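protein.pdb (PDB, C-alpha atoms, pLDDT in the B column)
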ATOM      1  CA  MET I  98      -7.761  13.613 -26.348  1.00 75.00           C
ATOM      2  CA  ASN I  99      -5.193  11.509 -28.157  1.00 84.00           C
ATOM      3  CA  ALA I 100      -3.262  10.904 -24.920  1.00 85.00           C
ATOM      4  CA  VAL I 101      -6.379   9.585 -23.184  1.00 87.00           C
ATOM      5  CA  ARG I 102      -7.261   7.333 -26.094  1.00 86.00           C
ATOM      6  CA  GLU I 103      -3.686   6.035 -26.326  1.00 90.00           C
ATOM      7  CA  ARG I 104      -3.601   5.075 -22.665  1.00 86.00           C
ATOM      8  CA  MET I 105      -6.988   3.423 -22.888  1.00 88.00           C
ATOM      9  CA  GLU I 106      -5.673   1.333 -25.739  1.00 91.00           C
ATOM     10  CA  ARG I 107      -2.616   0.336 -23.700  1.00 92.00           C
ATOM     11  CA  MET I 108      -4.857  -0.680 -20.794  1.00 91.00           C
ATOM     12  CA  GLY I 109      -7.128  -2.640 -23.097  1.00 92.00           C
ATOM     13  CA  THR I 110     -10.273  -0.810 -22.004  1.00 91.00           C
ATOM     14  CA  THR I 111     -13.016   1.143 -23.706  1.00 89.00           C
ATOM     15  CA  SER I 112     -13.640   3.544 -20.826  1.00 91.00           C
ATOM     16  CA  VAL I 113     -12.011   4.973 -17.697  1.00 93.00           C
ATOM     17  CA  ASP I 114     -13.931   4.791 -14.423  1.00 94.00           C
ATOM     18  CA  LEU I 115     -12.186   7.803 -12.862  1.00 96.00           C
ATOM     19  CA  LEU I 116      -9.696  10.014 -14.655  1.00 96.00           C
ATOM     20  CA  GLN I 117      -7.738  12.150 -12.202  1.00 96.00           C
ATOM     21  CA  PHE I 118      -6.352  15.442 -13.434  1.00 97.00           C
ATOM     22  CA  HIS I 119      -3.260  17.265 -12.092  1.00 97.00           C
ATOM     23  CA  TRP I 120      -1.908  20.667 -13.158  1.00 97.00           C
ATOM     24  CA  GLN I 121       1.551  21.909 -12.264  1.00 94.00           C
ATOM     25  CA  ASP I 122       1.469  25.656 -12.911  1.00 95.00           C
ATOM     26  CA  TYR I 123      -1.480  27.703 -11.676  1.00 95.00           C
ATOM     27  CA  THR I 124      -0.219  30.784 -13.519  1.00 94.00           C
ATOM     28  CA  ASP I 125      -1.356  29.035 -16.685  1.00 95.00           C
ATOM     29  CA  PRO I 126      -5.177  28.889 -16.465  1.00 93.00           C
ATOM     30  CA  SER I 127      -5.384  26.415 -19.329  1.00 96.00           C
ATOM     31  CA  TYR I 128      -6.374  23.748 -16.812  1.00 97.00           C
ATOM     32  CA  LEU I 129      -9.953  24.909 -17.355  1.00 96.00           C
ATOM     33  CA  ASP I 130      -9.640  24.287 -21.096  1.00 96.00           C
ATOM     34  CA  ALA I 131      -8.063  20.883 -20.480  1.00 95.00           C
ATOM     35  CA  LEU I 132     -10.867  19.898 -18.135  1.00 97.00           C
ATOM     36  CA  GLN I 133     -13.442  20.935 -20.730  1.00 96.00           C
ATOM     37  CA  ILE I 134     -11.786  18.527 -23.168  1.00 94.00           C
ATOM     38  CA  LEU I 135     -12.113  15.791 -20.560  1.00 95.00           C
ATOM     39  CA  ARG I 136     -15.788  16.669 -20.231  1.00 95.00           C
ATOM     40  CA  ASP I 137     -16.143  16.205 -23.976  1.00 94.00           C
ATOM     41  CA  LEU I 138     -14.573  12.762 -23.677  1.00 93.00           C
ATOM     42  CA  GLN I 139     -16.943  12.045 -20.833  1.00 94.00           C
ATOM     43  CA  ALA I 140     -19.880  12.973 -23.052  1.00 94.00           C
ATOM     44  CA  GLU I 141     -18.589  10.440 -25.585  1.00 93.00           C
ATOM     45  CA  GLY I 142     -18.665   7.772 -22.896  1.00 93.00           C
ATOM     46  CA  LEU I 143     -14.895   7.349 -22.684  1.00 93.00           C
ATOM     47  CA  ILE I 144     -14.680   8.660 -19.111  1.00 95.00           C
ATOM     48  CA  SER I 145     -17.191   7.845 -16.390  1.00 95.00           C
ATOM     49  CA  ALA I 146     -16.022  10.410 -13.822  1.00 97.00           C
ATOM     50  CA  ILE I 147     -13.449  13.200 -13.561  1.00 98.00           C
ATOM     51  CA  GLY I 148     -11.423  13.898 -10.433  1.00 98.00           C
ATOM     52  CA  LEU I 149      -8.725  16.379  -9.473  1.00 98.00           C
ATOM     53  CA  CYS I 150      -5.343  15.542  -7.977  1.00 98.00           C
ATOM     54  CA  ASN I 151      -3.507  17.854  -5.550  1.00 98.00           C
ATOM     55  CA  PHE I 152      -5.495  20.963  -6.407  1.00 98.00           C
ATOM     56  CA  ASP I 153      -5.681  23.607  -3.704  1.00 98.00           C
ATOM     57  CA  THR I 154      -8.832  25.075  -2.210  1.00 98.00           C
ATOM     58  CA  ILE I 155      -9.031  28.167  -4.415  1.00 98.00           C
ATOM     59  CA  ARG I 156      -8.572  26.297  -7.693  1.00 98.00           C
ATOM     60  CA  THR I 157     -10.879  23.452  -6.650  1.00 98.00           C
ATOM     61  CA  ASP I 158     -13.642  25.962  -5.910  1.00 98.00           C
ATOM     62  CA  GLU I 159     -12.970  27.786  -9.173  1.00 98.00           C
ATOM     63  CA  ILE I 160     -13.102  24.606 -11.256  1.00 98.00           C
ATOM     64  CA  CYS I 161     -16.205  23.255  -9.567  1.00 98.00           C
ATOM     65  CA  THR I 162     -17.950  26.621  -9.974  1.00 97.00           C
ATOM     66  CA  GLN I 163     -17.132  27.045 -13.661  1.00 96.00           C
ATOM     67  CA  LEU I 164     -17.615  23.392 -14.586  1.00 95.00           C
ATOM     68  CA  ALA I 165     -20.621  22.718 -12.408  1.00 94.00           C
ATOM     69  CA  GLY I 166     -21.190  19.035 -11.761  1.00 94.00           C
ATOM     70  CA  ALA I 167     -18.103  17.915 -13.670  1.00 96.00           C
ATOM     71  CA  ILE I 168     -15.832  17.022 -10.747  1.00 98.00           C
ATOM     72  CA  VAL I 169     -16.486  14.212  -8.276  1.00 98.00           C
ATOM     73  CA  SER I 170     -13.279  14.147  -6.219  1.00 98.00           C
ATOM     74  CA  ASN I 171      -9.918  15.670  -5.350  1.00 98.00           C
ATOM     75  CA  GLN I 172      -6.966  13.512  -4.255  1.00 98.00           C
ATOM     76  CA  VAL I 173      -4.977  15.261  -1.521  1.00 98.00           C
ATOM     77  CA  GLN I 174      -2.900  14.490   1.548  1.00 98.00           C
ATOM     78  CA  PHE I 175      -4.836  14.242   4.835  1.00 98.00           C
ATOM     79  CA  SER I 176      -3.989  12.685   8.181  1.00 98.00           C
ATOM     80  CA  ILE I 177      -4.009  13.360  11.907  1.00 98.00           C
ATOM     81  CA  ILE I 178      -0.671  15.082  11.274  1.00 98.00           C
ATOM     82  CA  ASP I 179      -1.541  16.940   8.066  1.00 98.00           C
ATOM     83  CA  THR I 180      -4.946  18.511   8.642  1.00 98.00           C
ATOM     84  CA  ARG I 181      -4.796  21.109   5.873  1.00 98.00           C
ATOM     85  CA  PRO I 182      -8.071  19.954   4.235  1.00 98.00           C
ATOM     86  CA  LEU I 183      -9.935  21.074   7.384  1.00 98.00           C
ATOM     87  CA  HIS I 184      -9.080  24.696   6.596  1.00 96.00           C
ATOM     88  CA  GLY I 185     -11.131  25.509   3.505  1.00 97.00           C
ATOM     89  CA  MET I 186     -11.111  22.360   1.397  1.00 98.00           C
ATOM     90  CA  ALA I 187     -13.777  20.685   3.540  1.00 98.00           C
ATOM     91  CA  ASP I 188     -16.127  23.636   2.936  1.00 98.00           C
ATOM     92  CA  VAL I 189     -15.512  23.473  -0.806  1.00 98.00           C
ATOM     93  CA  CYS I 190     -16.294  19.762  -0.796  1.00 98.00           C
ATOM     94  CA  GLU I 191     -19.598  20.389   0.947  1.00 98.00           C
ATOM     95  CA  LYS I 192     -20.430  23.331  -1.326  1.00 98.00           C
ATOM     96  CA  HIS I 193     -19.899  21.347  -4.540  1.00 98.00           C
ATOM     97  CA  ASN I 194     -20.764  17.855  -3.298  1.00 98.00           C
ATOM     98  CA  ILE I 195     -17.360  16.334  -4.001  1.00 98.00           C
ATOM     99  CA  LYS I 196     -15.271  13.904  -1.958  1.00 98.00           C
ATOM    100  CA  LEU I 197     -11.602  13.741  -1.078  1.00 98.00           C
ATOM    101  CA  LEU I 198      -9.525  10.691  -1.900  1.00 98.00           C
ATOM    102  CA  THR I 199      -6.827  10.992   0.719  1.00 98.00           C
ATOM    103  CA  TYR I 200      -3.274   9.692   0.827  1.00 97.00           C
ATOM    104  CA  GLY I 201      -0.610  10.042   3.505  1.00 96.00           C
ATOM    105  CA  THR I 202      -3.159   8.755   6.020  1.00 96.00           C
ATOM    106  CA  LEU I 203      -0.474   6.776   7.863  1.00 96.00           C
ATOM    107  CA  CYS I 204       2.399   9.174   7.099  1.00 97.00           C
ATOM    108  CA  GLY I 205       4.479   6.583   5.298  1.00 94.00           C
ATOM    109  CA  GLY I 206       3.852   4.043   8.054  1.00 94.00           C
ATOM    110  CA  PHE I 207       4.908   6.279  10.959  1.00 97.00           C
ATOM    111  CA  LEU I 208       1.352   6.214  12.307  1.00 97.00           C
ATOM    112  CA  SER I 209       1.634   2.571  13.302  1.00 96.00           C
ATOM    113  CA  ASP I 210       2.559   0.347  16.240  1.00 97.00           C
ATOM    114  CA  LYS I 211       5.990  -0.189  14.689  1.00 96.00           C
ATOM    115  CA  TRP I 212       7.158   3.295  15.665  1.00 98.00           C
ATOM    116  CA  LEU I 213       5.752   3.420  19.201  1.00 98.00           C
ATOM    117  CA  ASP I 214       8.532   3.780  21.811  1.00 98.00           C
ATOM    118  CA  GLN I 215      11.159   4.039  19.090  1.00 98.00           C
ATOM    119  CA  PRO I 216      13.883   6.715  18.925  1.00 97.00           C
ATOM    120  CA  GLU I 217      13.659   9.381  16.269  1.00 97.00           C
ATOM    121  CA  PRO I 218      15.195   7.963  13.087  1.00 96.00           C
ATOM    122  CA  ASP I 219      18.006   9.693  11.246  1.00 94.00           C
ATOM    123  CA  LEU I 220      16.459  11.472   8.278  1.00 90.00           C
ATOM    124  CA  TYR I 221      19.543  10.763   6.148  1.00 87.00           C
ATOM    125  CA  SER I 222      20.530   7.316   7.396  1.00 82.00           C
ATOM    126  CA  GLY I 223      19.440   5.578   4.213  1.00 83.00           C
ATOM    127  CA  ASN I 224      17.100   3.289   6.144  1.00 87.00           C
ATOM    128  CA  LEU I 225      14.005   5.310   5.286  1.00 93.00           C
ATOM    129  CA  THR I 226      12.080   5.315   2.032  1.00 90.00           C
ATOM    130  CA  PRO I 227      11.699   8.630   0.166  1.00 90.00           C
ATOM    131  CA  SER I 228       8.087   8.692   1.370  1.00 91.00           C
ATOM    132  CA  GLN I 229       9.144   8.228   4.988  1.00 93.00           C
ATOM    133  CA  ARG I 230      11.750  10.992   4.727  1.00 95.00           C
ATOM    134  CA  LYS I 231       9.039  13.322   3.463  1.00 95.00           C
ATOM    135  CA  TYR I 232       6.671  12.513   6.328  1.00 96.00           C
ATOM    136  CA  LEU I 233       9.337  12.512   9.026  1.00 97.00           C
ATOM    137  CA  ASP I 234      10.401  15.966   7.891  1.00 96.00           C
ATOM    138  CA  MET I 235       6.783  17.124   8.233  1.00 97.00           C
ATOM    139  CA  ILE I 236       6.355  15.519  11.670  1.00 98.00           C
ATOM    140  CA  VAL I 237       9.463  16.954  13.346  1.00 97.00           C
ATOM    141  CA  LYS I 238       9.867  20.245  11.479  1.00 96.00           C
ATOM    142  CA  ALA I 239       6.355  21.450  10.629  1.00 97.00           C
ATOM    143  CA  TRP I 240       4.002  19.582  12.980  1.00 98.00           C
ATOM    144  CA  GLY I 241       5.884  19.283  16.275  1.00 98.00           C
ATOM    145  CA  THR I 242       8.537  17.091  17.875  1.00 98.00           C
ATOM    146  CA  TRP I 243       9.285  13.371  17.980  1.00 98.00           C
ATOM    147  CA  THR I 244       8.422  13.379  21.700  1.00 98.00           C
ATOM    148  CA  LEU I 245       4.973  14.828  20.978  1.00 98.00           C
ATOM    149  CA  PHE I 246       4.542  12.348  18.156  1.00 98.00           C
ATOM    150  CA  GLN I 247       5.222   9.531  20.609  1.00 98.00           C
ATOM    151  CA  SER I 248       2.470  10.931  22.835  1.00 98.00           C
ATOM    152  CA  LEU I 249       0.126  10.810  19.866  1.00 98.00           C
ATOM    153  CA  LEU I 250       1.031   7.204  19.077  1.00 98.00           C
ATOM    154  CA  LYS I 251       0.436   6.227  22.715  1.00 98.00           C
ATOM    155  CA  THR I 252      -2.965   7.919  22.672  1.00 98.00           C
ATOM    156  CA  LEU I 253      -3.935   6.126  19.457  1.00 98.00           C
ATOM    157  CA  GLN I 254      -2.817   2.824  20.983  1.00 98.00           C
ATOM    158  CA  THR I 255      -4.978   3.434  24.057  1.00 98.00           C
ATOM    159  CA  ILE I 256      -7.978   4.188  21.848  1.00 98.00           C
ATOM    160  CA  GLY I 257      -7.310   1.018  19.873  1.00 98.00           C
ATOM    161  CA  HIS I 258      -7.437  -0.998  23.083  1.00 98.00           C
ATOM    162  CA  ARG I 259     -10.839   0.520  23.888  1.00 97.00           C
ATOM    163  CA  HIS I 260     -12.119  -0.792  20.573  1.00 97.00           C
ATOM    164  CA  GLY I 261     -11.044  -4.372  21.158  1.00 96.00           C
ATOM    165  CA  GLY I 262      -7.369  -4.293  20.316  1.00 97.00           C
ATOM    166  CA  LEU I 263      -7.310  -2.319  17.070  1.00 97.00           C
ATOM    167  CA  SER I 264      -3.969  -1.064  15.784  1.00 97.00           C
ATOM    168  CA  ILE I 265      -2.654   2.484  15.781  1.00 98.00           C
ATOM    169  CA  ALA I 266      -3.004   2.442  11.993  1.00 97.00           C
ATOM    170  CA  ASN I 267      -6.673   1.450  12.314  1.00 97.00           C
ATOM    171  CA  ILE I 268      -7.414   4.411  14.580  1.00 98.00           C
ATOM    172  CA  ALA I 269      -5.462   6.861  12.402  1.00 98.00           C
ATOM    173  CA  THR I 270      -7.327   5.634   9.322  1.00 98.00           C
ATOM    174  CA  ARG I 271     -10.701   5.795  11.052  1.00 98.00           C
ATOM    175  CA  TRP I 272      -9.997   9.372  12.162  1.00 98.00           C
ATOM    176  CA  VAL I 273      -9.681  10.379   8.516  1.00 98.00           C
ATOM    177  CA  LEU I 274     -12.655   8.311   7.321  1.00 98.00           C
ATOM    178  CA  ASP I 275     -14.931   9.781   9.987  1.00 98.00           C
ATOM    179  CA  HIS I 276     -14.817  13.155   8.226  1.00 98.00           C
ATOM    180  CA  PRO I 277     -17.892  13.362   5.948  1.00 98.00           C
ATOM    181  CA  PHE I 278     -15.996  15.019   3.095  1.00 98.00           C
ATOM    182  CA  VAL I 279     -13.669  11.997   2.758  1.00 98.00           C
ATOM    183  CA  GLY I 280     -14.723   9.429   0.186  1.00 98.00           C
ATOM    184  CA  ALA I 281     -11.838   6.995   0.628  1.00 97.00           C
ATOM    185  CA  VAL I 282      -8.316   6.633   1.962  1.00 97.00           C
ATOM    186  CA  LEU I 283      -5.478   5.436  -0.252  1.00 94.00           C
ATOM    187  CA  VAL I 284      -3.196   3.351   1.936  1.00 88.00           C
ATOM    188  CA  GLY I 285       0.192   2.655   0.394  1.00 72.00           C
ATOM    189  CA  ALA I 286       1.513  -0.889   0.083  1.00 65.00           C
ATOM    190  CA  ARG I 287       4.714  -2.477  -1.157  1.00 56.00           C
ATOM    191  CA  LEU I 288       3.860  -5.902  -2.508  1.00 52.00           C
ATOM    192  CA  GLY I 289       5.642  -8.618  -0.587  1.00 56.00           C
ATOM    193  CA  VAL I 290       7.199  -6.068   1.780  1.00 52.00           C
ATOM    194  CA  SER I 291       4.497  -4.048   3.522  1.00 55.00           C
ATOM    195  CA  GLU I 292       0.881  -4.792   2.635  1.00 57.00           C
ATOM    196  CA  HIS I 293      -1.127  -5.150   5.896  1.00 72.00           C
ATOM    197  CA  VAL I 294      -4.301  -6.056   3.998  1.00 80.00           C
ATOM    198  CA  ASP I 295      -5.997  -7.836   6.900  1.00 82.00           C
ATOM    199  CA  ASP I 296      -5.168  -5.072   9.367  1.00 85.00           C
ATOM    200  CA  ASN I 297      -6.430  -2.369   7.001  1.00 83.00           C
ATOM    201  CA  HIS I 298      -9.810  -4.124   6.797  1.00 87.00           C
ATOM    202  CA  ARG I 299     -10.202  -3.654  10.539  1.00 90.00           C
ATOM    203  CA  ALA I 300     -10.524   0.114  10.080  1.00 93.00           C
ATOM    204  CA  PHE I 301     -14.107  -0.491   8.965  1.00 93.00           C
ATOM    205  CA  GLY I 302     -17.054  -1.422  11.139  1.00 88.00           C
ATOM    206  CA  PHE I 303     -16.519   1.116  13.931  1.00 95.00           C
ATOM    207  CA  HIS I 304     -16.399   4.861  14.530  1.00 97.00           C
ATOM    208  CA  LEU I 305     -14.434   6.940  16.998  1.00 98.00           C
ATOM    209  CA  THR I 306     -16.356   8.134  20.032  1.00 98.00           C
ATOM    210  CA  ALA I 307     -16.512  11.684  21.358  1.00 98.00           C
ATOM    211  CA  GLN I 308     -14.056  10.626  24.081  1.00 98.00           C
ATOM    212  CA  ASP I 309     -11.680   9.203  21.475  1.00 98.00           C
ATOM    213  CA  ASN I 310     -11.701  12.438  19.508  1.00 98.00           C
ATOM    214  CA  ASP I 311     -11.281  14.537  22.655  1.00 98.00           C
ATOM    215  CA  ASP I 312      -8.224  12.493  23.635  1.00 98.00           C
ATOM    216  CA  ILE I 313      -6.703  12.920  20.177  1.00 98.00           C
ATOM    217  CA  GLU I 314      -7.440  16.640  20.168  1.00 98.00           C
ATOM    218  CA  ALA I 315      -5.766  17.013  23.563  1.00 98.00           C
ATOM    219  CA  VAL I 316      -2.497  15.919  21.952  1.00 98.00           C
ATOM    220  CA  LEU I 317      -2.996  17.848  18.723  1.00 98.00           C
ATOM    221  CA  ALA I 318      -3.557  21.033  20.726  1.00 98.00           C
ATOM    222  CA  HIS I 319       0.152  20.976  21.595  1.00 98.00           C
ATOM    223  CA  SER I 320       1.198  20.652  17.937  1.00 98.00           C
ATOM    224  CA  ASN I 321       1.361  23.046  15.008  1.00 97.00           C
ATOM    225  CA  GLY I 322      -1.189  20.934  13.161  1.00 96.00           C
ATOM    226  CA  ARG I 323      -3.894  23.570  12.993  1.00 93.00           C
ATOM    227  CA  THR I 324      -1.507  26.165  11.570  1.00 95.00           C
ATOM    228  CA  ILE I 325       0.590  23.870   9.396  1.00 95.00           C
ATOM    229  CA  ILE I 326      -1.142  25.273   6.310  1.00 96.00           C
ATOM    230  CA  THR I 327       0.598  28.610   6.942  1.00 95.00           C
ATOM    231  CA  SER I 328       4.061  27.037   6.920  1.00 94.00           C
ATOM    232  CA  ILE I 329       3.860  24.521   4.069  1.00 95.00           C
ATOM    233  CA  GLY I 330       0.974  25.920   2.028  1.00 96.00           C
ATOM    234  CA  ASP I 331      -2.433  24.598   1.034  1.00 98.00           C
ATOM    235  CA  CYS I 332      -3.162  21.116  -0.271  1.00 97.00           C
ATOM    236  CA  GLY I 333      -0.715  20.091  -2.983  1.00 95.00           C
ATOM    237  CA  ALA I 334       1.626  23.063  -2.473  1.00 95.00           C
ATOM    238  CA  GLU I 335       4.564  20.734  -1.822  1.00 90.00           C
ATOM    239  CA  TYR I 336       4.315  19.510  -5.424  1.00 87.00           C
ATOM    240  CA  ARG I 337       4.584  22.967  -6.975  1.00 84.00           C
TER     241      ARG I 337
END
Conversion result in structure tokens:
Amino acid sequence: MNAVRERMERMGTTSVDLLQFHWQDYTDPSYLDALQILRDLQAEGLISAIGLCNFDTIRTDEICTQLAGAIVSNQVQFSIIDTRPLHGMADVCEKHNIKLLTYGTLCGGFLSDKWLDQPEPDLYSGNLTPSQRKYLDMIVKAWGTWTLFQSLLKTLQTIGHRHGGLSIANIATRWVLDHPFVGAVLVGARLGVSEHVDDNHRAFGFHLTAQDNDDIEAVLAHSNGRTIITSIGDCGAEYR
């Protein structure tokens, strides 16, 4: 309680719109006790809503069952490459009426026009950000190959052209947003370096067609995307 109040004081606010809760060690079930304390703070009016961050399917279901109505969201990684939320988490979201706040939607910028027709970068060249190294490792070691990834980028570009010249990033973002259990995507930006605000706005106002999704699925069928959860674990496993 004191930690929440101290941070509210530092932010100069009297309430928090959404407090997201992460827990490192599942062998310690005290996360349920901690969440109950947050509910008490919510009852006092200090917190408007409580969300989870990088909780897996089992623990999300457990928390939402025991603390019925307390949780509104879970922030996890979800993209055309990383489809782990489709394998259990989506059902939990529907069961408990919660939404996912998703990051990694553009895989550190790899799902963009910039990387179309480009050679596979050197993971250790020093030219990639830590985020990009993480996503490149997932793309070429867990999901598939750089050649297959190029096929995916080309397909997304073709779909973008169908929709009036939208970018690869727009199509990749829309693919995530079109899932009903997704509440929002969290697109990373580096102020003054890589913001793409105007382009990101273009992801709204359209939906992918059945043909678009079929074309994307035709590429994904050649990847390990649908079984990636068995190699790297459920949502948030990479942080534990």
Answer key for the PyMOL selection byres ((chain I and resi 268) around 12), residues as a VMD selection string: chain I and resid 176 to 177 202 to 203 208 to 210 249 to 267 269 to 275 296 to 306 309 to 310 313
Residues returned when the PyMOL selection byres ((chain I and resi 183) around 12) runs on this file, as a VMD selection string: chain I and resid 154 173 to 182 184 to 191 197 273 276 to 279 322 to 326 331 to 332
Mind giving me the straight-line distance from CA of Tyr128 (chain I) to CA of Gly148 (chain I) in Å, one decimal?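 Computing the Euclidean distance for CA of Tyr128 (chain I) and CA of Gly148 (chain I) yields 12.8 Å.
Of note, CA of Gly201 (chain I) and CA of His119 (chain I) are spaced 17.4 Å apart.
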So which residues touch region 214-218 of chain I within 12 Å, counting all atoms listed in the file, skipping near sequence neighbours fewer than 2 positions away, as a VMD selection string? chain I and resid 207 209 to 212 220 to 226 229 to 230 232 to 234 236 to 237 242 to 251 254
Report the distance between CA of Asp137 (chain I) and CA of Val282 (chain I) in Å, rounded to one decimal place. 28.7 Å
Give as a ChimeraX atom specification each residue that has an atom at most 10 Å from (-16.2, 9.4, -24.8) in the file, counting all atoms listed in the file. /I:98,101-102,111-113,135-145
Could the centre and edge lengths of an axis-aligned box, enclosing all atoms of region 172-178 of chain I in the file with 6 Å extra on each side, be given in Å to one decimal as lines of an AutoDock Vina configuration file?
center_x = -3.8
center_y = 14.0
center_z = 3.8
size_x = 18.3
size_y = 14.6
size_z = 28.2
Can you work out which one of I:Ile134, I:Met235, I:Leu129, I:Ala334 has the shortest atom-to-atom distance to Asn99 (chain I), counting only C-alpha atoms?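 Nearest to Asn99 (chain I): I:Ile134.
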Kindly write region 218-282 of chain I with C-alpha atoms to a file, as a PDB file, in the first residue's frame.
ATOM      1  CA  PRO I 218      20.926  -9.059 -39.926  1.00  0.00           C
ATOM      2  CA  ASP I 219      23.749 -10.271 -37.724  1.00  0.00           C
ATOM      3  CA  LEU I 220      22.287 -10.877 -34.280  1.00  0.00           C
ATOM      4  CA  TYR I 221      25.519  -9.714 -32.620  1.00  0.00           C
ATOM      5  CA  SER I 222      26.602  -6.936 -34.971  1.00  0.00           C
ATOM      6  CA  GLY I 223      25.781  -4.186 -32.500  1.00  0.00           C
ATOM      7  CA  ASN I 224      23.450  -2.507 -34.989  1.00  0.00           C
ATOM      8  CA  LEU I 225      20.314  -3.930 -33.396  1.00  0.00           C
ATOM      9  CA  THR I 226      18.579  -2.746 -30.253  1.00  0.00           C
ATOM     10  CA  PRO I 227      18.142  -5.237 -27.386  1.00  0.00           C
ATOM     11  CA  SER I 228      14.468  -5.453 -28.365  1.00  0.00           C
ATOM     12  CA  GLN I 229      15.340  -6.268 -31.971  1.00  0.00           C
ATOM     13  CA  ARG I 230      17.818  -8.958 -30.911  1.00  0.00           C
ATOM     14  CA  LYS I 231      15.072 -10.565 -28.849  1.00  0.00           C
ATOM     15  CA  TYR I 232      12.587 -10.584 -31.729  1.00  0.00           C
ATOM     16  CA  LEU I 233      15.092 -11.639 -34.374  1.00  0.00           C
ATOM     17  CA  ASP I 234      16.048 -14.594 -32.206  1.00  0.00           C
ATOM     18  CA  MET I 235      12.364 -15.562 -32.010  1.00  0.00           C
ATOM     19  CA  ILE I 236      11.821 -15.144 -35.766  1.00  0.00           C
ATOM     20  CA  VAL I 237      14.754 -17.247 -36.990  1.00  0.00           C
ATOM     21  CA  LYS I 238      15.101 -19.766 -34.159  1.00  0.00           C
ATOM     22  CA  ALA I 239      11.588 -20.396 -32.829  1.00  0.00           C
ATOM     23  CA  TRP I 240       9.200 -19.250 -35.573  1.00  0.00           C
ATOM     24  CA  GLY I 241      10.904 -20.167 -38.851  1.00  0.00           C
ATOM     25  CA  THR I 242      13.566 -18.797 -41.183  1.00  0.00           C
ATOM     26  CA  TRP I 243      14.489 -15.372 -42.537  1.00  0.00           C
ATOM     27  CA  THR I 244      13.416 -16.540 -46.011  1.00  0.00           C
ATOM     28  CA  LEU I 245       9.947 -17.446 -44.722  1.00  0.00           C
ATOM     29  CA  PHE I 246       9.800 -14.156 -42.861  1.00  0.00           C
ATOM     30  CA  GLN I 247      10.477 -12.347 -46.129  1.00  0.00           C
ATOM     31  CA  SER I 248       7.537 -14.215 -47.665  1.00  0.00           C
ATOM     32  CA  LEU I 249       5.375 -12.978 -44.816  1.00  0.00           C
ATOM     33  CA  LEU I 250       6.499  -9.380 -45.294  1.00  0.00           C
ATOM     34  CA  LYS I 251       5.747  -9.609 -49.026  1.00  0.00           C
ATOM     35  CA  THR I 252       2.275 -10.969 -48.300  1.00  0.00           C
ATOM     36  CA  LEU I 253       1.578  -8.164 -45.822  1.00  0.00           C
ATOM     37  CA  GLN I 254       2.768  -5.622 -48.392  1.00  0.00           C
ATOM     38  CA  THR I 255       0.409  -7.061 -51.009  1.00  0.00           C
ATOM     39  CA  ILE I 256      -2.494  -6.855 -48.564  1.00  0.00           C
ATOM     40  CA  GLY I 257      -1.559  -3.264 -47.772  1.00  0.00           C
ATOM     41  CA  HIS I 258      -1.769  -2.405 -51.459  1.00  0.00           C
ATOM     42  CA  ARG I 259      -5.282  -3.878 -51.591  1.00  0.00           C
ATOM     43  CA  HIS I 260      -6.305  -1.473 -48.848  1.00  0.00           C
ATOM     44  CA  GLY I 261      -5.091   1.641 -50.621  1.00  0.00           C
ATOM     45  CA  GLY I 262      -1.382   1.602 -49.938  1.00  0.00           C
ATOM     46  CA  LEU I 263      -1.236   0.798 -46.227  1.00  0.00           C
ATOM     47  CA  SER I 264       2.106  -0.183 -44.726  1.00  0.00           C
ATOM     48  CA  ILE I 265       3.243  -3.612 -43.603  1.00  0.00           C
ATOM     49  CA  ALA I 266       3.112  -2.312 -40.031  1.00  0.00           C
ATOM     50  CA  ASN I 267      -0.515  -1.242 -40.522  1.00  0.00           C
ATOM     51  CA  ILE I 268      -1.529  -4.726 -41.656  1.00  0.00           C
ATOM     52  CA  ALA I 269       0.421  -6.451 -38.867  1.00  0.00           C
ATOM     53  CA  THR I 270      -1.203  -4.166 -36.296  1.00  0.00           C
ATOM     54  CA  ARG I 271      -4.674  -4.664 -37.748  1.00  0.00           C
ATOM     55  CA  TRP I 272      -4.211  -8.445 -37.642  1.00  0.00           C
ATOM     56  CA  VAL I 273      -3.738  -8.223 -33.883  1.00  0.00           C
ATOM     57  CA  LEU I 274      -6.534  -5.688 -33.325  1.00  0.00           C
ATOM     58  CA  ASP I 275      -9.027  -7.798 -35.271  1.00  0.00           C
ATOM     59  CA  HIS I 276      -8.980 -10.411 -32.501  1.00  0.00           C
ATOM     60  CA  PRO I 277     -11.926  -9.662 -30.169  1.00  0.00           C
ATOM     61  CA  PHE I 278      -9.955 -10.414 -27.003  1.00  0.00           C
ATOM     62  CA  VAL I 279      -7.467  -7.606 -27.768  1.00  0.00           C
ATOM     63  CA  GLY I 280      -8.245  -4.276 -26.149  1.00  0.00           C
ATOM     64  CA  ALA I 281      -5.275  -2.313 -27.476  1.00  0.00           C
ATOM     65  CA  VAL I 282      -1.821  -2.638 -28.987  1.00  0.00           C
TER      66      VAL I 282
END
